[in-house]
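Participant: Dropping in entry_27.cif, with mmCIF, C-alpha atoms.
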data_work
loop_
_atom_site.group_PDB
_atom_site.id
_atom_site.type_symbol
_atom_site.label_atom_id
_atom_site.label_comp_id
_atom_site.auth_asym_id
_atom_site.auth_seq_id
_atom_site.Cartn_x
_atom_site.Cartn_y
_atom_site.Cartn_z
ATOM 1 C CA MET A 18 -7.577 -2.857 17.417
ATOM 2 C CA GLN A 19 -5.793 -5.553 15.423
ATOM 3 C CA ASN A 20 -8.929 -6.239 13.386
ATOM 4 C CA GLU A 21 -9.249 -2.539 12.524
ATOM 5 C CA LEU A 22 -5.639 -2.432 11.351
ATOM 6 C CA GLU A 23 -6.198 -5.534 9.249
ATOM 7 C CA VAL A 24 -9.192 -3.856 7.591
ATOM 8 C CA TYR A 25 -7.020 -0.831 6.763
ATOM 9 C CA LEU A 26 -4.318 -3.134 5.448
ATOM 10 C CA ARG A 27 -6.750 -4.948 3.130
ATOM 11 C CA LYS A 28 -8.060 -1.626 1.816
ATOM 12 C CA LEU A 29 -4.535 -0.317 1.300
ATOM 13 C CA LYS A 30 -3.565 -3.449 -0.636
ATOM 14 C CA GLY A 31 -6.625 -2.968 -2.834
ATOM 15 C CA VAL A 32 -5.682 0.646 -3.538
ATOM 16 C CA ARG A 33 -2.087 -0.366 -4.260
ATOM 17 C CA ASP A 34 -3.191 -3.081 -6.676
ATOM 18 C CA GLU A 35 -5.633 -0.742 -8.442
ATOM 19 C CA PHE A 36 -2.976 1.946 -8.756
ATOM 20 C CA ALA A 37 -0.367 -0.473 -10.101
ATOM 21 C CA THR A 38 -2.797 -1.870 -12.657
ATOM 22 C CA ALA A 39 -3.873 1.602 -13.775
ATOM 23 C CA ALA A 40 -0.286 2.841 -13.987
ATOM 24 C CA LEU A 41 0.656 -0.071 -16.240
ATOM 25 C CA THR A 42 -2.444 -0.208 -18.418
ATOM 26 C CA ARG A 43 -3.141 3.523 -18.712
ATOM 27 C CA PRO A 44 0.109 5.432 -18.177
ATOM 28 C CA LYS A 45 -0.363 9.189 -17.812
ATOM 29 C CA GLY A 46 2.769 9.964 -19.773
ATOM 30 C CA ARG A 47 5.804 8.417 -21.325
ATOM 31 C CA GLU A 48 8.490 10.644 -19.856
ATOM 32 C CA ALA A 49 10.967 9.447 -17.250
ATOM 33 C CA PHE A 50 9.306 11.789 -14.754
ATOM 34 C CA ASP A 51 5.935 10.085 -15.209
ATOM 35 C CA TYR A 52 7.480 6.664 -14.678
ATOM 36 C CA GLY A 53 9.360 7.902 -11.592
ATOM 37 C CA HIS A 54 6.200 9.482 -10.209
ATOM 38 C CA ALA A 55 4.261 6.234 -10.566
ATOM 39 C CA CYS A 56 7.114 4.249 -8.983
ATOM 40 C CA GLY A 57 7.320 6.696 -6.093
ATOM 41 C CA ARG A 58 3.606 6.474 -5.375
ATOM 42 C CA HIS A 59 3.743 2.681 -5.499
ATOM 43 C CA GLU A 60 6.749 2.651 -3.152
ATOM 44 C CA GLY A 61 4.875 4.924 -0.745
ATOM 45 C CA LEU A 62 1.933 2.532 -0.696
ATOM 46 C CA LEU A 63 4.309 -0.377 -0.035
ATOM 47 C CA LEU A 64 5.872 1.534 2.865
ATOM 48 C CA ALA A 65 2.442 2.223 4.342
ATOM 49 C CA GLU A 66 1.643 -1.484 4.019
ATOM 50 C CA GLN A 67 4.855 -2.399 5.845
ATOM 51 C CA LEU A 68 4.045 0.051 8.634
ATOM 52 C CA LEU A 69 0.582 -1.425 9.069
ATOM 53 C CA ASN A 70 2.033 -4.943 9.140
ATOM 54 C CA SER A 71 4.450 -3.839 11.869
ATOM 55 C CA ALA A 72 1.630 -2.263 13.861
ATOM 56 C CA ILE A 73 -0.444 -5.439 13.565
ATOM 57 C CA GLU A 74 2.491 -7.510 14.830
ATOM 58 C CA GLU A 75 3.025 -5.143 17.755
ATOM 59 C CA VAL A 76 -0.642 -5.312 18.746
ATOM 60 C CA ALA A 77 -0.592 -9.113 18.476
ATOM 61 C CA ASN A 78 2.519 -9.281 20.668
ATOM 62 C CA ASP A 79 0.993 -6.927 23.241
ATOM 63 C CA GLU A 80 -2.152 -9.082 23.423
ATOM 64 C CA ASN A 81 -0.142 -12.251 24.154
#
Let me see whether you can do it: turn the structure in this file into structure tokens.
Facilitator:
Amino acid sequence: MQNELEVYLRKLKGVRDEFATAALTRPKGREAFDYGHACGRHEGLLLAEQLLNSAIEEVANDEN
């Protein structure tokens, strides 16, 4: 199970990096709302990454 979670984590990091690059190089708008929307999506991806890291640690601890 840990390997599956690590695969998801790698894919999530790739999506996060692609989104961050796109948001900076091709912004959809210049309003404060657009900036806040992009920041919120990025923060959500970071939270998902943290949750997967926690799950990986829990699985590793359970296996030991």
Participant: From the list A:Gln19, A:Gly53, A:Asn81, A:His59, which residue is nearest Ala39 (chain A) when using only C-alpha atoms?
Facilitator: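 Closest to Ala39 (chain A), using only C-alpha atoms: A:His59.
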Participant: Any idea what the distance is between CA of Glu80 (chain A) and CA of Arg33 (chain A)?
Facilitator: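 A separation of 29.0 Å between them.
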Participant: Can you give me, as a list in words, the residues this file yields under the PyMOL selection byres ((chain A and resi 26) around 10)?
Facilitator: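 Taken over the shown coordinates, the PyMOL selection byres ((chain A and resi 26) around 10) returns Asn20, Glu21, Leu22, Glu23, Val24, Tyr25, Arg27, Lys28, Leu29, Lys30, Gly31, Val32, Ala65, Glu66, Gln67, Leu68, Leu69, Asn70 and Ile73 of chain A.
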Participant: I need the output of the PyMOL selection byres ((chain A and resi 36) around 12) for this file as a PDB file with C-alpha atoms, in the coordinates of the input; which residues are they?
Facilitator:
ATOM      1  CA  LEU A  29      -4.535  -0.317   1.300  1.00  0.00           C
ATOM      2  CA  LYS A  30      -3.565  -3.449  -0.636  1.00  0.00           C
ATOM      3  CA  GLY A  31      -6.625  -2.968  -2.834  1.00  0.00           C
ATOM      4  CA  VAL A  32      -5.682   0.646  -3.538  1.00  0.00           C
ATOM      5  CA  ARG A  33      -2.087  -0.366  -4.260  1.00  0.00           C
ATOM      6  CA  ASP A  34      -3.191  -3.081  -6.676  1.00  0.00           C
ATOM      7  CA  GLU A  35      -5.633  -0.742  -8.442  1.00  0.00           C
ATOM      8  CA  ALA A  37      -0.367  -0.473 -10.101  1.00  0.00           C
ATOM      9  CA  THR A  38      -2.797  -1.870 -12.657  1.00  0.00           C
ATOM     10  CA  ALA A  39      -3.873   1.602 -13.775  1.00  0.00           C
ATOM     11  CA  ALA A  40      -0.286   2.841 -13.987  1.00  0.00           C
ATOM     12  CA  LEU A  41       0.656  -0.071 -16.240  1.00  0.00           C
ATOM     13  CA  THR A  42      -2.444  -0.208 -18.418  1.00  0.00           C
ATOM     14  CA  ARG A  43      -3.141   3.523 -18.712  1.00  0.00           C
ATOM     15  CA  PRO A  44       0.109   5.432 -18.177  1.00  0.00           C
ATOM     16  CA  LYS A  45      -0.363   9.189 -17.812  1.00  0.00           C
ATOM     17  CA  HIS A  54       6.200   9.482 -10.209  1.00  0.00           C
ATOM     18  CA  ALA A  55       4.261   6.234 -10.566  1.00  0.00           C
ATOM     19  CA  CYS A  56       7.114   4.249  -8.983  1.00  0.00           C
ATOM     20  CA  GLY A  57       7.320   6.696  -6.093  1.00  0.00           C
ATOM     21  CA  ARG A  58       3.606   6.474  -5.375  1.00  0.00           C
ATOM     22  CA  HIS A  59       3.743   2.681  -5.499  1.00  0.00           C
ATOM     23  CA  GLU A  60       6.749   2.651  -3.152  1.00  0.00           C
ATOM     24  CA  GLY A  61       4.875   4.924  -0.745  1.00  0.00           C
ATOM     25  CA  LEU A  62       1.933   2.532  -0.696  1.00  0.00           C
ATOM     26  CA  LEU A  63       4.309  -0.377  -0.035  1.00  0.00           C
TER      27      LEU A  63
END
Participant: Grab all the atoms of region 20-27 of chain A that the file lists, wrap them in a box along x, y and z, add 8 Å per side, and give me centre plus edge lengths in Å (one decimal) as AutoDock Vina command-line options.
Facilitator:
--center_x -6.8 --center_y -3.5 --center_z 8.3 --size_x 20.9 --size_y 21.4 --size_z 26.3
Participant: Take region 29-40 of chain A, bring it up to all heavy atoms, and give me the output as a short mmCIF file (atom, residue, chain, number, x, y, z; two decimals), in the frame of the given file.
Facilitator:
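What landed in rebuild12.cif:
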data_model
loop_
_atom_site.label_atom_id
_atom_site.label_comp_id
_atom_site.auth_asym_id
_atom_site.auth_seq_id
_atom_site.Cartn_x
_atom_site.Cartn_y
_atom_site.Cartn_z
N LEU A 29 -5.76 -0.87 1.86
CA LEU A 29 -4.54 -0.32 1.30
C LEU A 29 -3.99 -1.21 0.18
O LEU A 29 -3.58 -0.73 -0.87
CB LEU A 29 -3.48 -0.14 2.39
CG LEU A 29 -2.15 0.44 1.95
CD1 LEU A 29 -2.32 1.85 1.43
CD2 LEU A 29 -1.17 0.41 3.10
N LYS A 30 -4.02 -2.52 0.40
CA LYS A 30 -3.56 -3.45 -0.64
C LYS A 30 -4.43 -3.33 -1.88
O LYS A 30 -3.93 -3.39 -3.01
CB LYS A 30 -3.59 -4.89 -0.12
CG LYS A 30 -2.46 -5.19 0.83
CD LYS A 30 -2.52 -6.64 1.30
CE LYS A 30 -1.38 -6.95 2.24
NZ LYS A 30 -1.40 -8.35 2.66
N GLY A 31 -5.73 -3.15 -1.69
CA GLY A 31 -6.62 -2.97 -2.83
C GLY A 31 -6.30 -1.71 -3.61
O GLY A 31 -6.25 -1.72 -4.85
N VAL A 32 -6.05 -0.61 -2.89
CA VAL A 32 -5.68 0.65 -3.54
C VAL A 32 -4.36 0.49 -4.28
O VAL A 32 -4.21 0.95 -5.42
CB VAL A 32 -5.60 1.79 -2.50
CG1 VAL A 32 -4.95 3.02 -3.08
CG2 VAL A 32 -6.98 2.12 -1.96
N ARG A 33 -3.40 -0.16 -3.63
CA ARG A 33 -2.09 -0.37 -4.26
C ARG A 33 -2.23 -1.17 -5.54
O ARG A 33 -1.66 -0.83 -6.58
CB ARG A 33 -1.15 -1.08 -3.29
CG ARG A 33 0.27 -1.21 -3.86
CD ARG A 33 1.05 -2.27 -3.19
NE ARG A 33 0.38 -3.55 -3.41
CZ ARG A 33 0.58 -4.63 -2.69
NH1 ARG A 33 1.41 -4.62 -1.69
NH2 ARG A 33 -0.07 -5.74 -2.94
N ASP A 34 -3.01 -2.25 -5.49
CA ASP A 34 -3.19 -3.08 -6.68
C ASP A 34 -3.90 -2.32 -7.79
O ASP A 34 -3.52 -2.43 -8.96
CB ASP A 34 -3.97 -4.34 -6.32
CG ASP A 34 -3.19 -5.29 -5.43
OD1 ASP A 34 -1.96 -5.11 -5.30
OD2 ASP A 34 -3.82 -6.19 -4.84
N GLU A 35 -4.93 -1.54 -7.44
CA GLU A 35 -5.63 -0.74 -8.44
C GLU A 35 -4.70 0.28 -9.07
O GLU A 35 -4.72 0.49 -10.29
CB GLU A 35 -6.83 -0.04 -7.82
CG GLU A 35 -7.97 -0.96 -7.46
CD GLU A 35 -9.06 -0.24 -6.68
OE1 GLU A 35 -9.08 1.01 -6.66
OE2 GLU A 35 -9.90 -0.94 -6.10
N PHE A 36 -3.89 0.94 -8.24
CA PHE A 36 -2.98 1.95 -8.76
C PHE A 36 -1.95 1.31 -9.69
O PHE A 36 -1.68 1.83 -10.77
CB PHE A 36 -2.26 2.68 -7.62
CG PHE A 36 -1.20 3.61 -8.12
CD1 PHE A 36 -1.54 4.82 -8.67
CD2 PHE A 36 0.13 3.24 -8.07
CE1 PHE A 36 -0.57 5.67 -9.17
CE2 PHE A 36 1.11 4.08 -8.56
CZ PHE A 36 0.77 5.30 -9.11
N ALA A 37 -1.39 0.19 -9.28
CA ALA A 37 -0.37 -0.47 -10.10
C ALA A 37 -0.95 -0.89 -11.44
O ALA A 37 -0.33 -0.70 -12.49
CB ALA A 37 0.22 -1.67 -9.35
N THR A 38 -2.14 -1.44 -11.41
CA THR A 38 -2.80 -1.87 -12.66
C THR A 38 -3.06 -0.67 -13.56
O THR A 38 -2.77 -0.71 -14.76
CB THR A 38 -4.12 -2.60 -12.35
OG1 THR A 38 -3.82 -3.75 -11.55
CG2 THR A 38 -4.82 -3.03 -13.61
N ALA A 39 -3.58 0.41 -12.98
CA ALA A 39 -3.87 1.60 -13.78
C ALA A 39 -2.59 2.22 -14.34
O ALA A 39 -2.56 2.66 -15.50
CB ALA A 39 -4.62 2.63 -12.92
N ALA A 40 -1.54 2.24 -13.53
CA ALA A 40 -0.29 2.84 -13.99
C ALA A 40 0.31 2.06 -15.15
O ALA A 40 0.94 2.64 -16.03
CB ALA A 40 0.71 2.92 -12.83
#
